[in-house]
>>> print(open('upload_28.txt').read())   # compact mmCIF, C-alpha atoms
# COMPACT_ATOMS: atom_id res chain seq x y z
CA MET A 1 -9.81 -5.47 -40.32
CA LYS A 2 -13.53 -5.18 -39.45
CA ARG A 3 -13.81 -8.96 -39.22
CA ALA A 4 -11.13 -9.02 -36.52
CA GLY A 5 -13.39 -6.95 -34.26
CA GLN A 6 -16.31 -9.45 -34.44
CA ARG A 7 -16.99 -12.16 -31.91
CA VAL A 8 -18.33 -15.68 -32.47
CA VAL A 9 -22.06 -16.02 -31.58
CA LEU A 10 -24.44 -18.95 -31.11
CA GLY A 11 -28.06 -19.22 -32.26
CA THR A 12 -29.75 -16.22 -33.79
CA GLU A 13 -27.82 -13.53 -31.96
CA ALA A 14 -26.60 -11.04 -34.53
CA PRO A 15 -22.88 -10.37 -34.68
CA GLN A 16 -21.98 -6.92 -33.44
CA THR A 17 -18.93 -4.83 -32.82
CA SER A 18 -18.95 -2.96 -29.53
CA GLN A 19 -16.89 0.01 -28.43
CA LYS A 20 -15.45 -2.18 -25.68
CA SER A 21 -14.10 -4.75 -28.14
CA LYS A 22 -12.40 -1.99 -30.12
CA LYS A 23 -10.61 -0.85 -26.99
CA GLN A 24 -9.59 -4.43 -26.27
CA LYS A 25 -8.18 -4.71 -29.77
CA THR A 26 -6.07 -1.62 -29.21
CA SER A 27 -4.70 -3.02 -25.96
CA LEU A 28 -3.46 -6.12 -27.75
CA TYR A 29 -0.88 -4.03 -29.59
CA GLY A 30 -0.07 -1.50 -26.89
CA PHE A 31 -0.75 -0.96 -23.23
CA GLY A 32 -2.99 1.16 -21.09
CA ASP A 33 -6.33 0.90 -19.33
CA PRO A 34 -9.21 0.00 -21.68
CA ALA A 35 -11.76 0.91 -18.99
CA LEU A 36 -10.48 4.48 -19.04
CA GLY A 37 -10.25 4.57 -22.78
CA THR A 38 -6.47 5.03 -22.69
CA SER A 39 -3.84 3.11 -24.61
CA MET A 40 -0.28 3.66 -25.80
CA ASP A 41 1.65 2.13 -28.61
CA TRP A 42 4.89 0.29 -27.65
CA GLY A 43 6.71 2.52 -30.06
CA SER A 44 5.70 5.54 -27.99
CA LEU A 45 7.49 4.38 -24.84
CA PRO A 46 9.90 6.99 -23.45
CA HIS A 47 13.52 6.50 -24.47
CA HIS A 48 14.67 5.85 -20.89
CA VAL A 49 12.13 3.04 -20.47
CA ILE A 50 13.15 1.31 -23.71
CA LEU A 51 16.80 1.77 -22.76
CA ARG A 52 16.18 0.05 -19.43
CA VAL A 53 14.51 -2.88 -21.21
CA PHE A 54 17.40 -3.15 -23.70
CA GLN A 55 19.92 -3.35 -20.85
CA PHE A 56 18.38 -6.68 -19.80
CA LEU A 57 18.55 -8.19 -23.29
CA THR A 58 21.35 -10.19 -24.85
CA LEU A 59 23.17 -8.57 -27.74
CA VAL A 60 21.32 -10.71 -30.29
CA ASP A 61 17.91 -9.89 -28.82
CA ARG A 62 18.85 -6.21 -28.65
CA ALA A 63 19.71 -6.22 -32.36
CA ARG A 64 16.41 -7.93 -33.19
CA ALA A 65 14.43 -5.49 -31.06
CA SER A 66 16.11 -2.57 -32.83
CA SER A 67 14.34 -3.55 -36.06
CA VAL A 68 10.85 -3.21 -34.53
CA CYS A 69 10.53 0.49 -35.32
CA ARG A 70 12.52 3.66 -35.85
CA ARG A 71 12.22 4.71 -32.19
CA TRP A 72 13.61 1.41 -30.91
CA ASN A 73 16.43 1.64 -33.44
CA GLU A 74 17.29 5.09 -32.08
CA VAL A 75 17.49 3.68 -28.57
CA PHE A 76 19.71 0.85 -29.86
CA HIS A 77 22.34 3.50 -30.67
CA ILE A 78 22.11 5.52 -27.45
CA PRO A 79 25.69 5.85 -26.06
CA ASP A 80 24.73 4.50 -22.60
CA LEU A 81 23.96 1.14 -24.19
CA TRP A 82 27.50 0.81 -25.56
CA ARG A 83 29.60 1.75 -22.55
CA ARG A 84 30.05 -1.94 -21.67
CA PHE A 85 30.81 -4.50 -24.38
CA GLU A 86 32.48 -7.90 -24.72
CA PHE A 87 33.88 -8.90 -28.09
CA GLU A 88 33.70 -12.68 -28.51
CA LEU A 89 36.09 -13.87 -31.19
CA SER A 90 36.34 -17.52 -32.19
CA GLN A 91 36.80 -19.87 -35.11
CA PRO A 92 33.68 -22.05 -35.68
CA ALA A 93 35.72 -25.13 -36.48
CA THR A 94 37.67 -25.12 -33.21
CA SER A 95 35.50 -23.37 -30.62
CA TYR A 96 32.14 -23.63 -28.87
CA LEU A 97 32.00 -19.84 -28.38
CA LYS A 98 29.58 -17.77 -30.39
CA SER A 99 31.49 -15.09 -32.22
CA THR A 100 30.38 -11.45 -32.40
CA HIS A 101 29.15 -10.85 -35.96
CA PRO A 102 31.71 -8.98 -38.13
CA ASP A 103 29.05 -6.50 -39.31
CA LEU A 104 28.23 -5.58 -35.73
CA ILE A 105 31.93 -5.15 -34.93
CA GLN A 106 32.30 -2.71 -37.80
CA GLN A 107 29.19 -0.84 -36.71
CA ILE A 108 30.59 -0.52 -33.19
CA ILE A 109 33.93 0.75 -34.48
CA LYS A 110 32.22 3.24 -36.79
CA ARG A 111 29.47 4.54 -34.49
CA HIS A 112 30.36 3.66 -30.89
CA ALA A 113 34.14 3.56 -30.46
CA ASP A 114 34.06 6.81 -28.49
CA HIS A 115 31.27 5.45 -26.24
CA LEU A 116 33.08 2.29 -25.15
CA GLN A 117 34.29 2.43 -21.55
CA TYR A 118 34.28 -1.14 -20.15
CA VAL A 119 35.61 -3.46 -22.82
CA SER A 120 36.82 -7.06 -22.88
CA PHE A 121 37.98 -9.39 -25.62
CA LYS A 122 37.27 -13.08 -25.16
CA VAL A 123 39.20 -15.28 -27.60
CA ASP A 124 39.49 -19.02 -28.12
CA SER A 125 42.69 -21.01 -28.56
CA SER A 126 43.27 -19.98 -32.18
CA THR A 127 45.87 -17.44 -33.24
CA GLU A 128 43.35 -16.03 -35.75
CA SER A 129 41.00 -14.97 -32.94
CA ALA A 130 43.79 -13.23 -31.03
CA GLU A 131 44.91 -11.43 -34.18
CA ALA A 132 41.31 -10.35 -34.82
CA ALA A 133 41.22 -8.84 -31.31
CA CYS A 134 44.40 -6.90 -32.08
CA ASP A 135 42.91 -5.65 -35.35
CA ILE A 136 39.88 -4.27 -33.49
CA LEU A 137 42.07 -2.65 -30.82
CA SER A 138 44.12 -0.91 -33.50
CA GLN A 139 40.94 0.74 -34.85
CA LEU A 140 39.77 2.23 -31.54
CA VAL A 141 41.41 5.58 -32.24
CA ASN A 142 38.56 7.62 -30.73
CA CYS A 143 38.13 5.51 -27.60
CA SER A 144 37.85 6.60 -23.98
CA ILE A 145 38.14 3.16 -22.39
CA LYS A 146 38.36 2.88 -18.60
CA THR A 147 38.50 -0.92 -18.22
CA LEU A 148 40.22 -3.30 -20.65
CA GLY A 149 40.45 -7.08 -20.39
CA LEU A 150 42.06 -9.58 -22.77
CA ILE A 151 40.80 -13.07 -21.92
CA SER A 152 42.00 -16.36 -23.40
CA THR A 153 39.38 -19.04 -22.75
CA ALA A 154 41.75 -21.94 -23.44
CA LYS A 155 45.48 -21.79 -24.10
CA PRO A 156 47.02 -18.29 -24.15
CA SER A 157 46.50 -17.54 -27.84
CA PHE A 158 47.68 -13.92 -27.56
CA MET A 159 51.18 -15.30 -27.05
CA ASN A 160 51.11 -16.53 -30.67
CA VAL A 161 50.62 -13.00 -32.00
CA SER A 162 53.78 -11.19 -32.98
CA LYS A 163 55.04 -8.84 -30.25
CA ALA A 164 55.14 -5.93 -32.71
CA HIS A 165 51.52 -6.44 -33.80
CA PHE A 166 50.27 -6.79 -30.24
CA ALA A 167 52.22 -3.78 -28.95
CA SER A 168 51.09 -1.62 -31.85
CA ALA A 169 47.40 -2.45 -31.26
CA LEU A 170 47.61 -1.95 -27.50
CA THR A 171 49.44 1.34 -27.90
CA VAL A 172 46.47 2.77 -29.83
CA VAL A 173 44.25 2.26 -26.78
CA PHE A 174 46.91 3.39 -24.29
CA VAL A 175 47.51 6.65 -26.19
CA ASN A 176 43.92 7.54 -27.01
CA SER A 177 42.07 6.53 -23.85
CA LYS A 178 43.98 8.64 -21.31
CA SER A 179 41.59 7.42 -18.61
CA LEU A 180 42.41 3.73 -18.16
CA SER A 181 41.82 2.62 -14.58
CA SER A 182 41.69 -1.19 -14.83
CA ILE A 183 43.72 -3.44 -17.15
CA LYS A 184 43.82 -7.25 -17.22
CA ILE A 185 46.29 -8.50 -19.81
CA ASP A 186 47.60 -11.83 -18.45
CA ASP A 187 49.36 -14.24 -20.82
CA THR A 188 50.20 -11.67 -23.47
CA PRO A 189 53.37 -10.43 -25.26
CA LEU A 190 53.19 -7.10 -23.39
CA ASP A 191 56.62 -5.45 -23.18
CA ASP A 192 58.40 -2.62 -21.35
CA PRO A 193 57.96 0.03 -24.10
CA SER A 194 54.20 -0.62 -24.07
CA LEU A 195 54.12 -0.12 -20.30
CA LYS A 196 55.96 3.19 -20.69
CA VAL A 197 53.29 4.34 -23.16
CA LEU A 198 50.59 3.25 -20.71
CA VAL A 199 52.18 5.22 -17.89
CA ALA A 200 52.83 8.30 -20.01
CA ASN A 201 49.13 8.60 -20.87
CA ASN A 202 47.24 7.08 -17.92
CA SER A 203 49.39 7.50 -14.79
CA ASP A 204 46.77 9.62 -13.01
CA THR A 205 43.92 7.13 -13.47
CA LEU A 206 45.44 3.62 -13.35
CA LYS A 207 44.27 1.69 -10.26
CA LEU A 208 44.40 -2.00 -11.24
CA LEU A 209 46.98 -3.81 -13.35
CA LYS A 210 46.96 -7.59 -13.83
CA MET A 211 49.78 -8.83 -16.03
CA SER A 212 50.82 -12.31 -14.91
CA SER A 213 52.71 -14.47 -17.41
CA CYS A 214 53.98 -11.60 -19.55
CA PRO A 215 57.53 -12.82 -20.26
CA HIS A 216 58.62 -9.67 -22.16
CA VAL A 217 58.07 -7.42 -19.15
CA SER A 218 61.14 -6.88 -16.97
CA PRO A 219 61.45 -5.66 -13.36
CA ALA A 220 62.45 -2.27 -14.80
CA GLY A 221 59.18 -2.08 -16.74
CA ILE A 222 56.96 -2.71 -13.73
CA LEU A 223 59.11 -0.40 -11.61
CA CYS A 224 58.28 2.36 -14.10
CA VAL A 225 54.57 1.72 -13.37
CA ALA A 226 55.13 1.79 -9.60
CA ASP A 227 57.15 5.01 -9.81
CA GLN A 228 54.55 6.92 -11.83
CA CYS A 229 51.10 5.45 -11.06
CA HIS A 230 50.63 6.68 -7.51
CA GLY A 231 46.97 5.71 -7.35
CA LEU A 232 47.61 2.00 -7.97
CA LYS A 233 45.37 -0.14 -5.75
CA GLU A 234 45.79 -3.67 -7.12
CA LEU A 235 48.72 -5.34 -8.87
CA ALA A 236 49.12 -8.90 -10.17
CA LEU A 237 52.43 -10.13 -11.57
CA ASN A 238 54.87 -13.02 -11.70
CA TYR A 239 57.44 -13.48 -8.98
CA TYR A 240 60.35 -12.95 -11.37
CA ILE A 241 59.23 -9.31 -11.75
CA LEU A 242 58.96 -8.77 -8.00
CA SER A 243 61.92 -6.95 -6.47
CA ASP A 244 62.98 -5.04 -3.38
CA GLU A 245 63.02 -1.87 -5.49
CA LEU A 246 59.43 -2.44 -6.57
CA LEU A 247 58.16 -2.96 -3.01
CA LEU A 248 59.99 0.15 -1.82
CA ALA A 249 58.54 2.17 -4.73
CA LEU A 250 55.03 1.02 -3.76
CA SER A 251 55.82 2.08 -0.18
CA SER A 252 56.80 5.65 -0.96
CA GLU A 253 54.86 8.57 0.48
CA LYS A 254 53.58 9.45 -2.99
CA HIS A 255 51.57 6.23 -3.22
CA VAL A 256 48.07 5.60 -1.94
CA ASP A 257 47.67 2.40 0.07
CA LEU A 258 47.95 -0.74 -2.06
CA GLU A 259 44.99 -3.06 -1.39
CA HIS A 260 45.93 -6.26 -3.26
CA LEU A 261 49.25 -7.66 -4.44
CA ARG A 262 48.95 -10.99 -6.24
CA ILE A 263 52.15 -12.92 -7.02
CA ASP A 264 52.25 -16.04 -9.19
CA VAL A 265 55.27 -18.21 -8.41
CA VAL A 266 55.51 -20.56 -11.37
CA SER A 267 58.46 -22.62 -12.52
CA GLU A 268 59.10 -21.88 -16.18
CA ASN A 269 61.92 -24.45 -16.40
CA PRO A 270 61.29 -27.17 -13.80
CA GLY A 271 64.40 -28.02 -11.86
CA GLN A 272 66.43 -25.21 -13.43
CA ALA A 273 64.87 -22.05 -11.99
CA GLU A 274 66.61 -20.24 -9.16
CA PHE A 275 64.27 -17.88 -7.38
CA HIS A 276 65.63 -14.71 -5.83
CA THR A 277 65.00 -13.64 -2.24
CA ILE A 278 62.99 -10.58 -1.22
CA LYS A 279 64.38 -8.87 1.88
CA LYS A 280 62.33 -8.67 5.05
CA GLN A 281 62.92 -4.91 5.20
CA SER A 282 61.18 -4.49 1.82
CA TRP A 283 58.13 -6.46 2.96
CA ASP A 284 58.05 -4.49 6.22
CA ALA A 285 58.14 -1.18 4.33
CA LEU A 286 55.15 -2.21 2.20
CA VAL A 287 53.05 -3.30 5.20
CA LYS A 288 53.99 -0.19 7.17
CA HIS A 289 52.80 1.98 4.27
CA SER A 290 49.73 -0.18 3.45
CA PRO A 291 48.85 -2.02 6.68
CA LYS A 292 45.68 -3.62 5.24
CA VAL A 293 47.24 -4.89 2.02
CA ASN A 294 46.33 -8.44 0.96
CA ILE A 295 49.39 -10.28 -0.35
CA VAL A 296 48.32 -13.33 -2.32
CA MET A 297 50.85 -15.91 -3.47
CA TYR A 298 50.04 -18.82 -5.76
CA PHE A 299 52.74 -21.49 -5.96
CA PHE A 300 53.07 -24.03 -8.74
CA LEU A 301 56.53 -25.44 -8.03
CA TYR A 302 58.26 -28.72 -7.34
CA GLU A 303 59.32 -29.47 -3.76
CA ASP A 304 63.02 -28.79 -4.33
CA GLU A 305 62.26 -25.27 -5.66
CA PHE A 306 60.80 -23.84 -2.41
CA ASP A 307 64.11 -23.33 -0.65
CA VAL A 308 64.26 -19.50 -0.71
CA PHE A 309 60.70 -18.90 0.48
CA PHE A 310 59.50 -18.12 4.03
CA ARG A 311 62.87 -18.41 5.74
CA GLU A 312 62.14 -15.02 7.28
CA GLU A 313 58.89 -13.42 8.36
CA THR A 314 56.76 -12.71 5.28
CA PRO A 315 53.49 -10.72 5.42
CA VAL A 316 51.60 -13.00 3.01
CA THR A 317 47.84 -13.22 3.67
CA HIS A 318 46.65 -15.85 1.15
CA LEU A 319 48.65 -18.94 0.13
CA TYR A 320 47.75 -21.50 -2.54
CA PHE A 321 49.94 -24.50 -3.31
CA GLY A 322 49.04 -26.16 -6.61
CA ARG A 323 51.60 -28.96 -6.26
CA ALA A 324 53.00 -30.99 -3.38
CA VAL A 325 54.61 -29.01 -0.59
CA SER A 326 56.81 -30.54 2.13
CA LYS A 327 56.19 -30.74 5.88
CA ALA A 328 59.24 -28.53 6.39
CA MET A 329 57.76 -25.85 4.15
CA LEU A 330 54.45 -25.90 6.02
CA GLY A 331 56.42 -25.66 9.27
CA ARG A 332 58.09 -22.49 7.98
CA ILE A 333 54.71 -21.03 7.11
CA GLY A 334 53.54 -21.61 10.68
CA MET A 335 56.65 -19.86 11.99
CA ASN A 336 56.96 -16.95 9.56
CA CYS A 337 53.51 -15.99 8.19
CA PRO A 338 51.67 -14.29 11.08
CA ARG A 339 49.30 -12.36 8.76
CA LEU A 340 48.01 -15.54 7.04
CA ILE A 341 44.25 -15.50 6.38
CA GLU A 342 43.78 -18.36 3.91
CA LEU A 343 45.79 -21.51 3.20
CA VAL A 344 45.09 -24.10 0.49
CA VAL A 345 47.35 -27.15 0.10
CA CYS A 346 46.43 -29.33 -2.86
CA ALA A 347 48.94 -32.08 -2.05
CA ASN A 348 51.59 -33.06 0.47
CA GLY A 349 52.30 -36.76 0.37
CA LEU A 350 51.84 -39.41 3.03
CA GLN A 351 53.27 -37.69 6.11
CA PRO A 352 50.67 -36.54 8.68
CA LEU A 353 50.60 -32.75 9.08
CA ASP A 354 49.29 -32.61 12.67
CA ASP A 355 52.18 -30.63 14.15
CA GLU A 356 52.33 -28.20 11.23
CA LEU A 357 48.59 -27.43 11.37
CA ILE A 358 48.68 -26.93 15.14
CA GLN A 359 51.61 -24.54 14.79
CA ILE A 360 49.73 -22.61 12.09
CA ALA A 361 46.68 -22.38 14.36
CA GLU A 362 48.87 -21.11 17.23
CA ARG A 363 50.76 -18.42 15.34
CA CYS A 364 48.43 -17.38 12.49
CA LYS A 365 45.76 -15.61 14.53
CA ASN A 366 44.01 -14.22 11.42
CA LEU A 367 43.48 -17.60 9.73
CA THR A 368 39.84 -17.91 8.61
CA ALA A 369 39.99 -20.33 5.64
CA MET A 370 41.71 -23.69 5.16
CA GLY A 371 41.66 -26.24 2.35
CA LEU A 372 43.49 -29.57 2.23
CA GLY A 373 43.60 -31.95 -0.74
CA GLU A 374 45.87 -34.98 -1.08
CA CYS A 375 47.35 -34.75 2.43
CA GLU A 376 47.09 -36.73 5.68
CA VAL A 377 45.98 -35.50 9.10
CA THR A 378 44.95 -37.67 12.05
CA CYS A 379 41.46 -37.08 13.38
CA ARG A 380 42.94 -36.18 16.78
CA GLY A 381 45.32 -33.64 15.22
CA PHE A 382 42.54 -32.15 13.11
CA ILE A 383 40.25 -31.73 16.13
CA GLU A 384 43.06 -29.98 18.00
CA PHE A 385 43.59 -27.62 15.04
CA VAL A 386 39.88 -26.75 14.89
CA LYS A 387 39.72 -26.21 18.68
CA MET A 388 42.57 -23.71 18.49
CA CYS A 389 41.09 -21.81 15.56
CA GLY A 390 37.63 -21.78 17.14
CA GLY A 391 34.70 -20.16 15.35
CA ARG A 392 36.88 -17.86 13.24
CA LEU A 393 37.16 -20.49 10.47
CA THR A 394 34.58 -19.33 7.95
CA GLN A 395 35.68 -21.88 5.34
CA LEU A 396 37.01 -25.36 6.05
CA SER A 397 37.28 -27.59 3.00
CA ILE A 398 38.89 -30.94 3.82
CA MET A 399 38.56 -34.05 1.67
CA GLU A 400 37.36 -37.10 3.59
CA GLU A 401 40.38 -39.09 2.41
CA VAL A 402 42.70 -36.65 4.23
CA LEU A 403 41.45 -37.64 7.70
CA ILE A 404 42.98 -40.71 9.36
CA PRO A 405 40.66 -42.29 11.97
CA ASP A 406 42.27 -43.24 15.29
CA SER A 407 41.27 -44.96 18.54
CA ASP A 408 39.62 -41.79 19.88
CA TYR A 409 37.78 -40.48 16.83
CA SER A 410 35.73 -42.06 14.09
CA LEU A 411 34.65 -39.90 11.14
CA ASP A 412 31.09 -39.73 12.55
CA ARG A 413 32.27 -38.44 15.91
CA LEU A 414 34.73 -36.11 14.22
CA HIS A 415 32.13 -34.26 12.18
CA LEU A 416 29.95 -33.74 15.26
CA GLU A 417 32.79 -32.33 17.35
CA VAL A 418 34.11 -30.14 14.54
CA SER A 419 30.57 -28.80 13.99
CA GLN A 420 30.38 -27.94 17.69
CA HIS A 421 33.64 -25.97 17.63
CA LEU A 422 32.74 -24.15 14.40
CA GLY A 423 29.24 -23.29 15.57
CA ARG A 424 27.67 -24.72 12.40
CA MET A 425 27.09 -28.08 10.74
CA TRP A 426 30.23 -29.38 9.05
CA PHE A 427 31.09 -32.49 7.03
CA PRO A 428 34.27 -33.47 5.14
CA ASP A 429 34.10 -32.81 1.41
CA MET A 430 33.84 -35.58 -1.13
CA MET A 431 35.56 -33.22 -3.55
CA PRO A 432 37.55 -30.06 -2.77
CA THR A 433 35.47 -26.86 -3.05
CA TRP A 434 38.18 -24.15 -3.14
>>> encode(input="upload_28.txt", output="structure tokens")
Amino acid sequence: MKRAGQRVVLGTEAPQTSQKSKKQKTSLYGFGDPALGTSMDWGSLPHHVILRVFQFLTLVDRARASSVCRRWNEVFHIPDLWRRFEFELSQPATSYLKSTHPDLIQQIIKRHADHLQYVSFKVDSSTESAEAACDILSQLVNCSIKTLGLISTAKPSFMNVSKAHFASALTVVFVNSKSLSSIKIDDTPLDDPSLKVLVANNSDTLKLLKMSSCPHVSPAGILCVADQCHGLKELALNYYILSDELLLALSSEKHVDLEHLRIDVVSENPGQAEFHTIKKQSWDALVKHSPKVNIVMYFFLYEDEFDVFFREETPVTHLYFGRAVSKAMLGRIGMNCPRLIELVVCANGLQPLDDELIQIAERCKNLTAMGLGECEVTCRGFIEFVKMCGGRLTQLSIMEEVLIPDSDYSLDRLHLEVSQHLGRMWFPDMMPTW
């Protein structure tokens, strides 16, 4: 150790060890001000400082850092560090995801289950990963989770788990948490009895529920949630669960104002589905009770399945069409969707939409975002649409192939004039950006 304090010399100068070099040596392994003769070992850092450093580290680096010394290992197990955790579960042969080590999972269950508050499970496309997530959920008997998310990164692998196994695992969390405020469980075998357990134990705290593509949930099941969870702020579900009774329940005096209602309109059996109609009075009741509610509808239907929609005034604010939609349908939107804020049409066909866009600009005074994919609009019609919307369009994503040049407008002139009306530089997109 003495040799480490020496410095290399030239000529006949004798090697010597100064007090200054000793202080410098100390500062290599700690921190402080050598000039003042002060230094501190890294292991002597206050707990709150080490905790703050750990919060910026990945899980793997955190685990490595915990082996530096006893003090750092103590910080590694401070409850604040385990309030937020994502379990990554995958099969090495079929997934690119890195899986959370089984030993760490067991350590979390044993030492930190009651500390977990914001938890998500990210699984790959294998049934084994989804079953592993259910096994972990079933062991969280001492949990106090506030946010729970079940995320399938590829195909919905939770749907391959038996309904009984899934419901049993989820019930453990629903019963023991008693403080759940946010739940995202899309594409799962969730059922009505599970929802009743959720409501019985968390009705006072639940604010967000996302449960699209849960085929075992009926309108009666979601109505139970609406009747009991009066603090609900955000709800996402499939259209087949939506009903007049549900909207009226969300509009009762007992409920706080709903902020977001997301509805996925997806055809489970193309060409065979018959979609029910929601009465205008039910929509009106919801908007009267929650005047600022955002109603988001995502359509993934074939053209002949749109018949029941937008024949009366509908207070939708955000519309996304994932498949082709007819001119007639877009005309109905212009007539009956006065609250519309955002419209995205991925495809329409080869019929110019000039009249439909102009009607939308005239009647949808709140429209601020528009996206058009495989559609056709003449440059003249598009300019007229932009003129009518003025500077309120904060997002305008139009593929270049959509615009049909005419005798009055080339694409170069069009982008200059559109930029002038928007008050910012604008160009057509080479690829859609919504």
>>> residues_around(input="upload_28.txt", residues="A:Cys229", least_positions_apart="4", cutoff="7 Å", atoms="only C-alpha atoms", output="list in words")
Val199, Ser203, Asp204, Leu206 and Val225 of chain A
>>> residues_around(input="upload_28.txt", residues="A:Asp187", least_positions_apart="6", cutoff="8 Å", atoms="only C-alpha atoms", output="JSON, numbers by chain")
{"A": [156, 158, 159, 211, 212, 213, 214]}
>>> atom_distance(input="upload_28.txt", atom1="atom CA of A:Phe76", atom2="atom CA of A:Glu128")
29.6 Å
>>> residues_near_point(input="upload_28.txt", point="(57.0, -1.9, -25.3)", cutoff="10 Å", atoms="only C-alpha atoms", output="ChimeraX atom specification")
/A:163-164,166-168,170-171,189-198,216-217,221
>>> atom_distance(input="upload_28.txt", atom1="atom CA of A:Arg62", atom2="atom CA of A:Leu89")
19.0 Å
>>> residues_around(input="upload_28.txt", residues="A:Ser182", least_positions_apart="4", cutoff="7 Å", atoms="only C-alpha atoms", output="number ranges by chain")
A: 146-148, 206-209
>>> atom_distance(input="upload_28.txt", atom1="atom CA of A:Gln91", atom2="atom CA of A:Ala132")
10.5 Å
>>> residues_around(input="upload_28.txt", residues="A:His276", least_positions_apart="3", cutoff="9 Å", atoms="all atoms listed in the file", output="PyMOL selection string")
chain A and resi 239-240+243+308
>>> residues_around(input="upload_28.txt", residues="A:Asn201", least_positions_apart="3", cutoff="8 Å", atoms="all atoms listed in the file", output="list in words")
Phe174, Val175, Ser177, Lys178, Ser179, Val197 and Leu198 of chain A
